[in-house]
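Source file upload01.cif; content: mmCIF, C-alpha atoms.
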```
data_model
loop_
_atom_site.label_atom_id
_atom_site.label_comp_id
_atom_site.auth_asym_id
_atom_site.auth_seq_id
_atom_site.Cartn_x
_atom_site.Cartn_y
_atom_site.Cartn_z
CA MET A 1 26.96 174.84 164.42
CA MET A 2 23.60 173.89 162.90
CA PHE A 3 24.79 170.29 162.42
CA ARG A 4 25.86 170.04 166.08
CA LYS A 5 22.51 171.36 167.22
CA MET A 6 20.70 168.83 165.04
CA MET A 7 22.91 166.04 166.35
CA ALA A 8 22.19 167.05 169.95
CA ILE A 9 18.43 167.02 169.28
CA MET A 10 18.72 163.60 167.66
CA VAL A 11 20.71 162.16 170.59
CA TYR A 12 18.15 163.58 173.06
CA ALA A 13 15.26 162.10 171.05
CA MET A 14 17.00 158.73 170.81
CA ALA A 15 17.74 158.77 174.54
CA SER A 16 14.07 159.48 175.31
CA VAL A 17 12.91 156.54 173.18
CA VAL A 18 15.53 154.22 174.70
CA VAL A 19 14.62 155.23 178.27
CA PHE A 20 10.91 154.76 177.48
CA VAL A 21 11.58 151.23 176.14
CA ALA A 22 13.77 150.44 179.16
CA TYR A 23 11.01 151.47 181.57
CA THR A 24 8.39 149.41 179.71
CA GLY A 25 10.88 146.53 179.90
CA VAL A 26 10.58 146.48 183.68
CA SER A 27 6.83 147.15 183.71
CA PRO A 28 4.38 144.26 184.14
CA ASN A 29 4.04 144.15 180.35
CA SER A 30 6.48 142.04 178.42
CA TRP A 31 8.06 142.54 174.99
CA PHE A 32 7.27 139.74 172.59
CA ILE A 33 10.84 138.54 172.28
CA LEU A 34 11.63 135.35 174.16
CA TYR A 35 14.94 136.65 175.46
CA GLU A 36 14.96 138.92 178.47
CA PRO A 37 18.11 141.03 179.08
CA ASP A 38 19.39 141.46 182.64
CA ILE A 39 17.56 144.38 184.29
CA PRO A 40 20.06 147.02 185.52
CA GLU A 41 20.16 147.64 189.28
CA SER A 42 19.18 151.29 188.85
CA LEU A 43 15.92 150.22 187.17
CA LYS A 44 15.19 147.42 189.66
CA HIS A 45 14.88 149.98 192.45
CA ARG A 46 12.26 151.93 190.50
CA GLU A 47 10.02 148.91 189.78
CA MET B 1 27.11 140.84 169.97
CA ILE B 2 23.79 142.69 170.51
CA LYS B 3 24.69 143.33 174.16
CA GLY B 4 28.16 144.62 173.22
CA LEU B 5 26.76 146.87 170.49
CA ALA B 6 24.06 148.22 172.83
CA GLN B 7 26.70 149.00 175.47
CA ARG B 8 28.96 150.79 172.99
CA ILE B 9 26.09 152.96 171.70
CA ALA B 10 24.95 153.63 175.30
CA ILE B 11 28.45 154.77 176.32
CA THR B 12 28.62 157.12 173.29
CA MET B 13 25.18 158.52 174.09
CA GLY B 14 26.14 158.90 177.75
CA ALA B 15 29.27 160.84 176.82
CA GLN B 16 27.28 163.12 174.48
CA LEU B 17 24.58 163.81 177.07
CA GLN B 18 26.99 163.83 180.04
CA VAL B 19 24.91 161.52 182.21
CA ASP B 20 25.93 159.23 185.10
CA ARG B 21 26.73 155.49 184.96
CA ASN B 22 23.25 154.44 186.06
CA ARG B 23 21.70 156.30 183.15
CA VAL B 24 24.15 154.65 180.73
CA GLU B 25 23.07 151.23 182.08
CA ILE B 26 19.43 152.15 181.41
CA PHE B 27 20.35 153.26 177.86
CA ALA B 28 22.16 149.93 177.29
CA TYR B 29 19.17 147.94 178.57
CA GLY B 30 16.68 149.83 176.38
CA LEU B 31 18.97 149.57 173.35
CA GLU B 32 19.41 145.82 173.89
CA ILE B 33 15.63 145.37 173.76
CA ILE B 34 15.26 147.55 170.64
CA LEU B 35 18.20 146.03 168.72
CA GLY B 36 17.20 142.48 169.70
CA ALA B 37 13.63 143.01 168.51
CA LEU B 38 14.81 144.69 165.28
CA VAL B 39 17.10 141.78 164.36
CA GLN B 40 14.34 139.29 165.14
CA LEU B 41 11.73 141.19 163.15
CA THR B 42 14.02 141.66 160.13
CA LEU B 43 14.90 137.96 160.07
CA LEU B 44 11.24 136.98 160.39
CA ILE B 45 10.15 139.31 157.57
CA LEU B 46 12.93 138.14 155.24
CA LEU B 47 12.41 134.42 155.88
CA SER B 48 8.62 134.63 155.61
CA LEU B 49 8.93 136.51 152.31
CA ILE B 50 11.35 133.86 150.98
CA MET B 51 9.03 131.03 152.07
CA ASP B 52 5.97 132.88 150.74
CA VAL B 53 4.13 132.87 154.09
CA PHE B 54 4.50 136.57 154.90
CA ILE B 55 0.85 137.43 155.67
CA THR B 56 0.11 134.39 157.85
CA THR B 57 3.45 134.72 159.70
CA MET B 58 2.80 138.41 160.41
CA ILE B 59 -0.74 137.67 161.68
CA CYS B 60 0.72 134.89 163.87
CA MET B 61 3.35 137.26 165.19
CA ILE B 62 0.89 140.06 166.02
CA ALA B 63 -1.48 137.65 167.81
CA PHE B 64 1.47 136.08 169.63
CA ALA B 65 3.02 139.42 170.61
CA SER B 66 -0.22 141.07 171.77
CA LEU B 67 -1.07 138.22 174.16
CA ARG B 68 2.51 137.93 175.34
CA TYR B 69 2.74 141.67 176.04
CA PHE B 70 0.11 141.41 178.77
CA GLY B 71 0.28 137.72 179.66
CA GLY B 72 4.04 137.25 179.91
CA GLY B 73 5.55 133.79 179.54
CA VAL B 74 8.77 131.85 179.42
CA HIS B 75 12.05 133.47 178.36
CA LEU B 76 15.17 131.71 177.15
CA ASN B 77 18.59 132.26 178.69
CA THR B 78 20.51 133.39 175.63
CA TYR B 79 19.66 135.84 172.89
CA TYR B 80 20.66 133.45 170.09
CA GLY B 81 18.58 130.65 171.59
CA CYS B 82 15.64 133.03 171.70
CA LEU B 83 16.23 134.22 168.15
CA THR B 84 16.37 130.65 166.80
CA VAL B 85 13.35 129.37 168.72
CA SER B 86 11.05 132.36 168.22
CA VAL B 87 11.79 132.72 164.49
CA PHE B 88 11.41 128.95 163.96
CA LEU B 89 8.20 128.84 166.01
CA LEU B 90 6.52 131.77 164.24
CA MET B 91 7.63 130.56 160.79
CA ALA B 92 6.31 127.05 161.53
CA LEU B 93 2.98 128.46 162.73
CA GLY B 94 2.79 130.76 159.69
CA LYS B 95 3.41 127.78 157.39
CA LEU B 96 0.96 125.56 159.28
CA ALA B 97 -1.74 128.21 158.85
CA THR B 98 -1.56 127.82 155.06
CA ILE B 99 -2.73 124.19 155.11
CA ASP B 100 -6.22 123.54 153.85
CA ILE B 101 -8.69 123.36 156.73
CA SER B 102 -12.49 123.28 156.67
CA LEU B 103 -14.47 126.16 158.16
CA GLU B 104 -16.16 123.76 160.60
CA ALA B 105 -12.83 122.46 161.90
CA LEU B 106 -11.52 126.00 162.20
CA THR B 107 -14.61 127.08 164.16
CA VAL B 108 -14.11 124.18 166.57
CA ILE B 109 -10.38 124.95 167.01
CA SER B 110 -11.14 128.67 167.58
CA THR B 111 -13.76 127.87 170.22
CA LEU B 112 -11.39 125.46 171.96
CA ALA B 113 -8.62 128.10 171.84
CA LEU B 114 -10.94 130.67 173.45
CA LEU B 115 -11.98 128.27 176.24
CA MET B 116 -8.45 127.00 176.85
CA GLY B 117 -7.06 130.53 176.68
CA THR B 118 -9.55 131.79 179.25
CA PHE B 119 -8.52 128.99 181.62
CA ILE B 120 -4.79 129.60 181.07
CA ILE B 121 -5.14 133.35 181.63
CA ILE B 122 -7.16 132.96 184.83
CA ARG B 123 -4.80 130.25 186.13
CA TRP B 124 -1.31 131.47 185.17
CA VAL B 125 -1.26 135.10 183.94
CA PRO B 126 0.93 137.08 184.53
CA ALA B 127 3.56 134.43 183.91
CA GLY B 128 6.83 135.73 185.31
CA THR B 129 10.46 134.71 185.05
CA GLU B 130 13.44 134.62 187.43
CA LYS B 131 14.36 138.13 186.31
CA LYS B 132 10.87 139.62 186.51
CA GLN B 133 7.95 138.61 188.69
CA ILE B 134 4.77 140.48 189.51
CA LYS B 135 3.82 139.91 193.13
CA ASP B 136 1.29 142.68 193.74
CA GLU B 137 -2.16 141.06 193.58
CA ALA B 138 -3.93 144.16 192.19
CA THR B 139 -1.40 144.39 189.32
CA ARG B 140 -1.73 140.64 188.66
CA LEU B 141 -5.51 140.96 188.40
CA TRP B 142 -5.20 143.97 186.09
CA GLN B 143 -2.80 142.04 183.80
CA ARG B 144 -5.25 139.11 183.71
CA LYS B 145 -8.08 141.43 182.67
CA LYS B 146 -5.96 142.98 179.90
CA ALA B 147 -4.84 139.57 178.61
CA LEU B 148 -8.44 138.35 178.63
CA LEU B 149 -9.54 141.41 176.68
CA ILE B 150 -6.84 140.73 174.05
CA LEU B 151 -7.96 137.08 173.79
CA ILE B 152 -11.58 138.15 173.27
CA MET B 153 -10.45 140.71 170.68
CA TRP B 154 -8.59 137.98 168.75
CA SER B 155 -11.60 135.69 168.95
CA VAL B 156 -13.76 138.42 167.39
CA ILE B 157 -11.14 139.01 164.65
CA THR B 158 -10.99 135.25 163.97
CA LEU B 159 -14.78 135.03 163.79
CA PHE B 160 -14.83 137.94 161.33
CA LEU B 161 -12.15 136.28 159.18
CA ILE B 162 -14.08 132.99 159.24
CA THR B 163 -17.25 134.75 158.03
CA GLN B 164 -15.16 136.31 155.26
CA LYS B 165 -13.92 132.79 154.38
CA SER B 166 -10.34 133.93 154.93
CA THR B 167 -9.38 130.56 156.40
CA ALA B 168 -5.59 130.86 156.33
CA ASN B 169 -5.59 134.25 158.07
CA ALA B 170 -8.13 133.13 160.68
CA PHE B 171 -6.09 129.98 161.34
CA ALA B 172 -2.93 132.11 161.63
CA ALA B 173 -4.57 134.29 164.30
CA VAL B 174 -5.66 131.20 166.26
CA LEU B 175 -2.22 129.57 166.00
CA GLY B 176 -0.41 132.76 167.06
CA ALA B 177 -2.64 133.10 170.12
CA LEU B 178 -2.27 129.40 170.97
CA GLY B 179 1.52 129.61 170.64
CA SER B 180 1.63 132.47 173.12
CA LEU B 181 -0.81 130.75 175.50
CA VAL B 182 1.21 127.51 175.58
CA LEU B 183 4.33 129.46 176.62
CA ILE B 184 2.42 130.76 179.67
CA THR B 185 1.70 127.26 181.02
CA PRO B 186 4.14 125.19 183.16
CA TRP B 187 4.45 122.74 180.22
CA GLY B 188 5.59 125.61 178.02
CA TYR B 189 8.20 126.53 180.65
CA ARG B 190 9.43 122.90 180.80
CA ALA B 191 9.62 122.63 177.01
CA ALA B 192 11.53 125.93 176.74
CA LYS B 193 13.96 124.85 179.47
CA ALA B 194 14.62 121.57 177.66
CA LEU B 195 15.13 123.47 174.40
CA ASP B 196 17.45 125.89 176.15
CA ASN B 197 19.58 122.97 177.39
CA ILE B 198 19.71 121.38 173.93
CA LEU B 199 20.70 124.70 172.35
CA ASN B 200 23.39 125.28 174.98
CA ILE B 201 24.88 121.82 174.39
CA THR B 202 24.74 122.29 170.60
CA TRP B 203 26.25 125.77 170.88
CA LYS B 204 29.11 124.48 173.09
CA GLY B 205 29.65 121.55 170.70
CA CYS B 206 29.92 123.93 167.75
CA ARG B 207 32.60 126.05 169.44
#
```
Representation of the structure as structure tokens:
Amino acid sequence: MMFRKMMAIMVYAMASVVVFVAYTGVSPNSWFILYEPDIPESLKHRE
Amino acid sequence: MIKGLAQRIAITMGAQLQVDRNRVEIFAYGLEIILGALVQLTLLILLSLIMDVFITTMICMIAFASLRYFGGGVHLNTYYGCLTVSVFLLMALGKLATIDISLEALTVISTLALLMGTFIIIRWVPAGTEKKQIKDEATRLWQRKKALLILIMWSVITLFLITQKSTANAFAAVLGALGSLVLITPWGYRAAKALDNILNITWKGCR
């Protein structure tokens, strides 16, 4: 039970970080990497 | 490989959190950026440690990344092309920074970099790509100001390093900034496109 709860918290935390990075990926700022992944349609509409 | 891995992790996360398909796509996009950067960073750290140019390469990378974050610049079409070019470029700049250079020459190069950088930023920042372009004039102006601030900050750091007679580190900062600035110009775009074509032909030839 405790393990599941911990796992859920970890997945939520990871999702928050990933979503934050994804949003900065479509912001005017650019990550230093030379490659730019295709921006998903759902994020294009929020630009 | 990175894209596939990012998608698999995103689907697993999506199933755990019970979110819709759009959210999973956002997860995959964010994960692709994180995993791509992690692989690149790990490779750069390992290779620079092996070649004994760790400090200069890291300074180059930080100067390069900070200017690129606000200034933008050219992007390559494939992840592996990007990985090869960016790691090679930063390693070469890190190695170049270790050559013996006089303080006078370094001061001249730093001044030229500041003047050239100011011109490039005013003229071409934010440098967009086919996938991402900033059209709003107020946002463009704001990006220019931020990039200019970063350039001034690096000039101050370089000046400090020169006064401390830390030539290699000062040269690394200048080279990192210059590398990023060149990739903002149309010539940088042309060079990257040519490199992209060569890498694509080589990659196809290897398969």
Given the file shown, determine the residues that the PyMOL selection byres ((chain B) within 7 of (chain A)) selects; report them as a PDB file with C-alpha atoms, in the frame of the given file.
```pdb
ATOM      1  CA  MET B  13      25.180 158.520 174.090  1.00  0.00           C
ATOM      2  CA  ASN B  22      23.250 154.440 186.060  1.00  0.00           C
ATOM      3  CA  GLU B  25      23.070 151.230 182.080  1.00  0.00           C
ATOM      4  CA  ILE B  26      19.430 152.150 181.410  1.00  0.00           C
ATOM      5  CA  PHE B  27      20.350 153.260 177.860  1.00  0.00           C
ATOM      6  CA  TYR B  29      19.170 147.940 178.570  1.00  0.00           C
ATOM      7  CA  GLY B  30      16.680 149.830 176.380  1.00  0.00           C
ATOM      8  CA  LEU B  31      18.970 149.570 173.350  1.00  0.00           C
ATOM      9  CA  ALA B  37      13.630 143.010 168.510  1.00  0.00           C
ATOM     10  CA  ALA B  65       3.020 139.420 170.610  1.00  0.00           C
ATOM     11  CA  ARG B  68       2.510 137.930 175.340  1.00  0.00           C
ATOM     12  CA  TYR B  69       2.740 141.670 176.040  1.00  0.00           C
ATOM     13  CA  PHE B  70       0.110 141.410 178.770  1.00  0.00           C
ATOM     14  CA  GLY B  72       4.040 137.250 179.910  1.00  0.00           C
ATOM     15  CA  VAL B  74       8.770 131.850 179.420  1.00  0.00           C
ATOM     16  CA  HIS B  75      12.050 133.470 178.360  1.00  0.00           C
ATOM     17  CA  LEU B  76      15.170 131.710 177.150  1.00  0.00           C
ATOM     18  CA  ASN B  77      18.590 132.260 178.690  1.00  0.00           C
ATOM     19  CA  THR B  78      20.510 133.390 175.630  1.00  0.00           C
ATOM     20  CA  TYR B  79      19.660 135.840 172.890  1.00  0.00           C
ATOM     21  CA  CYS B  82      15.640 133.030 171.700  1.00  0.00           C
ATOM     22  CA  SER B  86      11.050 132.360 168.220  1.00  0.00           C
ATOM     23  CA  ILE B 134       4.770 140.480 189.510  1.00  0.00           C
TER      24      ILE B 134
END
```
Please report, as JSON lines, each residue of stretch 56-109 of chain B lying at most 8 Å from stretch 136-155 of chain B, together with the nearest pair of atoms and the separation in Å rounded to one decimal; use only C-alpha atoms, and order rows by chain and ascending residue number.
```
{"residue": "B:Ala63", "atom": "CA", "partner": "B:Trp154", "partner_atom": "CA", "distance": 7.2}
{"residue": "B:Ser66", "atom": "CA", "partner": "B:Ile150", "partner_atom": "CA", "distance": 7.0}
{"residue": "B:Leu67", "atom": "CA", "partner": "B:Ala147", "partner_atom": "CA", "distance": 6.0}
{"residue": "B:Phe70", "atom": "CA", "partner": "B:Ala147", "partner_atom": "CA", "distance": 5.3}
{"residue": "B:Gly71", "atom": "CA", "partner": "B:Ala147", "partner_atom": "CA", "distance": 5.5}
```
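Separating atom CA of B:Phe88 from atom CA of B:Leu159 is a distance of 26.9 Å.
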Report summary line: Pairwise distance, atom CA of B:Val87 with atom CA of B:Leu44, equals 5.9 Å
Query - 10 Å contact set for B:Arg8, only C-alpha atoms, chain neighbours under 5 positions out, as a ChimeraX atom specification - result: /B:2-3,13-14,24,28
Store the residues picked out above in a file with C-alpha atoms, as a PDB file, in the frame of the given file.
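Final output, result.pdb:
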```pdb
ATOM      1  CA  ILE B   2      23.790 142.690 170.510  1.00  0.00           C
ATOM      2  CA  LYS B   3      24.690 143.330 174.160  1.00  0.00           C
ATOM      3  CA  MET B  13      25.180 158.520 174.090  1.00  0.00           C
ATOM      4  CA  GLY B  14      26.140 158.900 177.750  1.00  0.00           C
ATOM      5  CA  VAL B  24      24.150 154.650 180.730  1.00  0.00           C
ATOM      6  CA  ALA B  28      22.160 149.930 177.290  1.00  0.00           C
TER       7      ALA B  28
END
```
Query raised in the report: What does the distance between atom CA of B:Met91 and atom CA of B:Tyr189 come to in Å, to one decimal place?
Result: 20.3 Å
Requested in this report: Translate the PyMOL selection byres ((chain B and resi 166) around 12), as applied to the file shown, into an explicit residue set as a PyMOL selection string.
Outcome: chain B and resi 55-56+97-98+100-103+106+157-165+167-173
Expected file: the selected residues, C-alpha atoms, as a PDB file, in the frame of the given file:
```pdb
ATOM      1  CA  ILE B  55       0.850 137.430 155.670  1.00  0.00           C
ATOM      2  CA  THR B  56       0.110 134.390 157.850  1.00  0.00           C
ATOM      3  CA  ALA B  97      -1.740 128.210 158.850  1.00  0.00           C
ATOM      4  CA  THR B  98      -1.560 127.820 155.060  1.00  0.00           C
ATOM      5  CA  ASP B 100      -6.220 123.540 153.850  1.00  0.00           C
ATOM      6  CA  ILE B 101      -8.690 123.360 156.730  1.00  0.00           C
ATOM      7  CA  SER B 102     -12.490 123.280 156.670  1.00  0.00           C
ATOM      8  CA  LEU B 103     -14.470 126.160 158.160  1.00  0.00           C
ATOM      9  CA  LEU B 106     -11.520 126.000 162.200  1.00  0.00           C
ATOM     10  CA  ILE B 157     -11.140 139.010 164.650  1.00  0.00           C
ATOM     11  CA  THR B 158     -10.990 135.250 163.970  1.00  0.00           C
ATOM     12  CA  LEU B 159     -14.780 135.030 163.790  1.00  0.00           C
ATOM     13  CA  PHE B 160     -14.830 137.940 161.330  1.00  0.00           C
ATOM     14  CA  LEU B 161     -12.150 136.280 159.180  1.00  0.00           C
ATOM     15  CA  ILE B 162     -14.080 132.990 159.240  1.00  0.00           C
ATOM     16  CA  THR B 163     -17.250 134.750 158.030  1.00  0.00           C
ATOM     17  CA  GLN B 164     -15.160 136.310 155.260  1.00  0.00           C
ATOM     18  CA  LYS B 165     -13.920 132.790 154.380  1.00  0.00           C
ATOM     19  CA  THR B 167      -9.380 130.560 156.400  1.00  0.00           C
ATOM     20  CA  ALA B 168      -5.590 130.860 156.330  1.00  0.00           C
ATOM     21  CA  ASN B 169      -5.590 134.250 158.070  1.00  0.00           C
ATOM     22  CA  ALA B 170      -8.130 133.130 160.680  1.00  0.00           C
ATOM     23  CA  PHE B 171      -6.090 129.980 161.340  1.00  0.00           C
ATOM     24  CA  ALA B 172      -2.930 132.110 161.630  1.00  0.00           C
ATOM     25  CA  ALA B 173      -4.570 134.290 164.300  1.00  0.00           C
TER      26      ALA B 173
END
```
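Minimum atom-to-atom distances from B:Leu90, B:Val19, B:Lys193, B:Ile198 to B:Val53 were compared using all atoms listed in the file, and the lowest value belongs to B:Leu90.
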Query raised in the report: If I put a ball of radius 10 Å at (-4.7, 130.2, 180.9) in the file's coordinates, which residues poke into it when counting all atoms listed in the file, written as JSON, numbers by chain?
Result: {"B": [71, 114, 115, 116, 117, 118, 119, 120, 121, 122, 123, 124, 125, 126, 127, 144, 147, 148, 181, 182, 184, 185]}
Query raised in the report: Hey, can you pull every residue with an atom no more than 9 Å from (7.4, 124.4, 150.5), using all atoms listed in the file, and send it as a ChimeraX atom specification?
Result: /B:51-52,95
Taking all atoms of stretch 127-139 of chain B that the file lists and extending 8 Å past them on each side, where is the centre of the axis-aligned box and how long are its edges? Answer in Å to one decimal, as AutoDock Vina command-line options.
```
--center_x 5.2 --center_y 139.4 --center_z 188.8 --size_x 34.3 --size_y 26.0 --size_z 25.8
```
Please, could N, CA, C and O atoms be added to stretch 131-155 of chain B and the result written as a compact mmCIF listing (two decimals), in the coordinates of the input?
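See selection-v5.txt below for the written result:
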```txt
# COMPACT_ATOMS: atom_id res chain seq x y z
N LYS B 131 13.93 136.73 186.34
CA LYS B 131 14.36 138.13 186.31
C LYS B 131 13.23 139.10 186.63
O LYS B 131 13.45 140.20 187.08
N LYS B 132 12.00 138.70 186.30
CA LYS B 132 10.87 139.62 186.51
C LYS B 132 9.63 138.87 186.98
O LYS B 132 9.14 138.00 186.27
N GLN B 133 9.16 139.23 188.17
CA GLN B 133 7.95 138.61 188.69
C GLN B 133 7.03 139.69 189.24
O GLN B 133 7.50 140.63 189.88
N ILE B 134 5.73 139.51 188.99
CA ILE B 134 4.77 140.48 189.51
C ILE B 134 4.12 139.86 190.75
O ILE B 134 3.46 138.82 190.64
N LYS B 135 4.34 140.50 191.89
CA LYS B 135 3.82 139.91 193.13
C LYS B 135 2.57 140.63 193.64
O LYS B 135 1.77 140.04 194.35
N ASP B 136 2.43 141.90 193.27
CA ASP B 136 1.29 142.68 193.74
C ASP B 136 -0.01 142.13 193.15
O ASP B 136 -0.16 142.05 191.92
N GLU B 137 -0.93 141.74 194.02
CA GLU B 137 -2.16 141.06 193.58
C GLU B 137 -3.03 141.95 192.69
O GLU B 137 -3.63 141.46 191.73
N ALA B 138 -3.10 143.25 193.01
CA ALA B 138 -3.93 144.16 192.19
C ALA B 138 -3.37 144.25 190.77
O ALA B 138 -4.13 144.23 189.79
N THR B 139 -2.04 144.33 190.64
CA THR B 139 -1.40 144.39 189.32
C THR B 139 -1.61 143.08 188.56
O THR B 139 -1.86 143.08 187.36
N ARG B 140 -1.54 141.95 189.29
CA ARG B 140 -1.73 140.64 188.66
C ARG B 140 -3.14 140.54 188.07
O ARG B 140 -3.31 140.09 186.95
N LEU B 141 -4.12 141.01 188.85
CA LEU B 141 -5.51 140.96 188.40
C LEU B 141 -5.72 141.84 187.17
O LEU B 141 -6.39 141.47 186.22
N TRP B 142 -5.10 143.02 187.19
CA TRP B 142 -5.20 143.97 186.09
C TRP B 142 -4.58 143.38 184.82
O TRP B 142 -5.14 143.51 183.73
N GLN B 143 -3.45 142.68 184.96
CA GLN B 143 -2.80 142.04 183.80
C GLN B 143 -3.69 140.94 183.24
O GLN B 143 -3.80 140.77 182.03
N ARG B 144 -4.34 140.18 184.14
CA ARG B 144 -5.25 139.11 183.71
C ARG B 144 -6.39 139.69 182.89
O ARG B 144 -6.75 139.17 181.85
N LYS B 145 -6.95 140.80 183.37
CA LYS B 145 -8.08 141.43 182.67
C LYS B 145 -7.65 141.88 181.27
O LYS B 145 -8.36 141.69 180.28
N LYS B 146 -6.46 142.49 181.20
CA LYS B 146 -5.96 142.98 179.90
C LYS B 146 -5.72 141.83 178.94
O LYS B 146 -6.06 141.90 177.75
N ALA B 147 -5.12 140.74 179.46
CA ALA B 147 -4.84 139.57 178.61
C ALA B 147 -6.14 138.95 178.11
O ALA B 147 -6.25 138.55 176.94
N LEU B 148 -7.13 138.91 178.99
CA LEU B 148 -8.44 138.35 178.63
C LEU B 148 -9.12 139.19 177.54
O LEU B 148 -9.70 138.65 176.61
N LEU B 149 -8.98 140.50 177.66
CA LEU B 149 -9.54 141.41 176.68
C LEU B 149 -8.89 141.18 175.30
O LEU B 149 -9.57 141.16 174.28
N ILE B 150 -7.57 140.99 175.31
CA ILE B 150 -6.84 140.73 174.05
C ILE B 150 -7.31 139.41 173.43
O ILE B 150 -7.52 139.31 172.22
N LEU B 151 -7.50 138.39 174.29
CA LEU B 151 -7.96 137.08 173.79
C LEU B 151 -9.34 137.20 173.16
O LEU B 151 -9.58 136.66 172.07
N ILE B 152 -10.23 137.96 173.81
CA ILE B 152 -11.58 138.15 173.27
C ILE B 152 -11.50 138.91 171.94
O ILE B 152 -12.16 138.57 170.96
N MET B 153 -10.63 139.93 171.91
CA MET B 153 -10.45 140.71 170.68
C MET B 153 -10.01 139.80 169.52
O MET B 153 -10.54 139.88 168.42
N TRP B 154 -9.06 138.90 169.79
CA TRP B 154 -8.59 137.98 168.75
C TRP B 154 -9.67 136.98 168.34
O TRP B 154 -9.73 136.58 167.17
N SER B 155 -10.51 136.61 169.29
CA SER B 155 -11.60 135.69 168.95
C SER B 155 -12.59 136.37 168.00
O SER B 155 -13.07 135.75 167.05
```
